[in-house]
Amino acid sequence: MSMSKRLQIVVQDEELEQLRHAAAREGLTLSEWARRVLHRARETQGGPTRDRKLAALDRALACGHPTADVEEMLAEIEQGRDLR
């Protein structure tokens, strides 16, 4: 079981009243309302989707950069240095 922690957020008086009214419209305490809003924000934030990752990979592959096994590429780089 984990202990609860307090989160303090500094807001202007006017904004605090707006937040209290938003919570009251949903029949919640300000604390419960804020927890739910933060939870929703965290859930929607997430990381990139599978499709976005694949699209990024497609864009990278379309650039035509050289690819090979890392050891092979490092060896080629070293060979190029020897040509100087």
# chains A, B, ... in the order shown; residues from 1 in each chain; ligands from 1
call {"tool": "select_by_dssp", "arguments": {"residues": "segment 1-66 of chain A", "states": "alpha helix (DSSP H)", "output": "ChimeraX atom specification"}}
result
/A:13-25,30-45,50-61
call {"tool": "closest_residue", "arguments": {"among": "A:Val70, A:Ala34, A:Arg40, A:Glu78", "to": "Leu7 of chain A", "atoms": "only C-alpha atoms"}}
result
A:Ala34
call {"tool": "residues_around", "arguments": {"residues": "Ala23 of chain A", "least_positions_apart": "3", "cutoff": "12 Å", "atoms": "only C-alpha atoms", "output": "PyMOL selection string"}}
result
chain A and resi 16-20+26-37
call {"tool": "write_last_selection", "arguments": {"atoms": "N, CA and C atoms", "output": "mmCIF file, in the first residue's frame"}}
result
data_model
loop_
_atom_site.group_PDB
_atom_site.id
_atom_site.type_symbol
_atom_site.label_atom_id
_atom_site.label_comp_id
_atom_site.auth_asym_id
_atom_site.auth_seq_id
_atom_site.Cartn_x
_atom_site.Cartn_y
_atom_site.Cartn_z
ATOM 1 N N LEU A 16 -8.901 30.178 -8.926
ATOM 2 C CA LEU A 16 -9.337 29.237 -7.895
ATOM 3 C C LEU A 16 -10.851 29.173 -7.839
ATOM 4 N N GLU A 17 -11.504 30.317 -7.920
ATOM 5 C CA GLU A 17 -12.973 30.335 -7.917
ATOM 6 C C GLU A 17 -13.530 29.615 -9.134
ATOM 7 N N GLN A 18 -12.903 29.820 -10.292
ATOM 8 C CA GLN A 18 -13.352 29.134 -11.508
ATOM 9 C C GLN A 18 -13.211 27.622 -11.366
ATOM 10 N N LEU A 19 -12.118 27.188 -10.761
ATOM 11 C CA LEU A 19 -11.902 25.757 -10.552
ATOM 12 C C LEU A 19 -12.917 25.192 -9.559
ATOM 13 N N ARG A 20 -13.198 25.928 -8.519
ATOM 14 C CA ARG A 20 -14.208 25.486 -7.539
ATOM 15 C C ARG A 20 -15.581 25.359 -8.188
ATOM 16 N N GLU A 26 -19.888 19.503 -11.289
ATOM 17 C CA GLU A 26 -19.860 18.043 -11.388
ATOM 18 C C GLU A 26 -20.180 17.373 -10.054
ATOM 19 N N GLY A 27 -20.492 18.177 -9.028
ATOM 20 C CA GLY A 27 -20.832 17.631 -7.722
ATOM 21 C C GLY A 27 -19.647 17.019 -6.999
ATOM 22 N N LEU A 28 -18.454 17.558 -7.252
ATOM 23 C CA LEU A 28 -17.239 17.011 -6.659
ATOM 24 C C LEU A 28 -16.546 18.056 -5.806
ATOM 25 N N THR A 29 -15.735 17.565 -4.877
ATOM 26 C CA THR A 29 -14.860 18.486 -4.168
ATOM 27 C C THR A 29 -13.790 18.940 -5.159
ATOM 28 N N LEU A 30 -13.154 20.044 -4.871
ATOM 29 C CA LEU A 30 -12.096 20.528 -5.739
ATOM 30 C C LEU A 30 -10.966 19.498 -5.838
ATOM 31 N N SER A 31 -10.649 18.864 -4.722
ATOM 32 C CA SER A 31 -9.574 17.861 -4.727
ATOM 33 C C SER A 31 -9.901 16.687 -5.643
ATOM 34 N N GLU A 32 -11.123 16.154 -5.520
ATOM 35 C CA GLU A 32 -11.512 15.008 -6.357
ATOM 36 C C GLU A 32 -11.585 15.416 -7.817
ATOM 37 N N TRP A 33 -12.118 16.604 -8.078
ATOM 38 C CA TRP A 33 -12.201 17.106 -9.449
ATOM 39 C C TRP A 33 -10.797 17.218 -10.057
ATOM 40 N N ALA A 34 -9.861 17.791 -9.306
ATOM 41 C CA ALA A 34 -8.493 17.963 -9.791
ATOM 42 C C ALA A 34 -7.833 16.609 -10.042
ATOM 43 N N ARG A 35 -8.048 15.627 -9.157
ATOM 44 C CA ARG A 35 -7.474 14.291 -9.365
ATOM 45 C C ARG A 35 -7.989 13.686 -10.661
ATOM 46 N N ARG A 36 -9.297 13.830 -10.907
ATOM 47 C CA ARG A 36 -9.875 13.257 -12.127
ATOM 48 C C ARG A 36 -9.359 13.961 -13.377
ATOM 49 N N VAL A 37 -9.268 15.281 -13.327
ATOM 50 C CA VAL A 37 -8.759 16.036 -14.476
ATOM 51 C C VAL A 37 -7.311 15.661 -14.753
#
call {"tool": "atom_distance", "arguments": {"atom1": "atom CA of Gln12 of chain A", "atom2": "atom CA of Glu43 of chain A"}}
result
26.7 Å
call {"tool": "atom_distance", "arguments": {"atom1": "atom CA of Leu38 of chain A", "atom2": "atom CA of Lys5 of chain A"}}
result
14.4 Å
call {"tool": "atom_distance", "arguments": {"atom1": "atom CA of Ser4 of chain A", "atom2": "atom CA of Arg25 of chain A"}}
result
25.9 Å
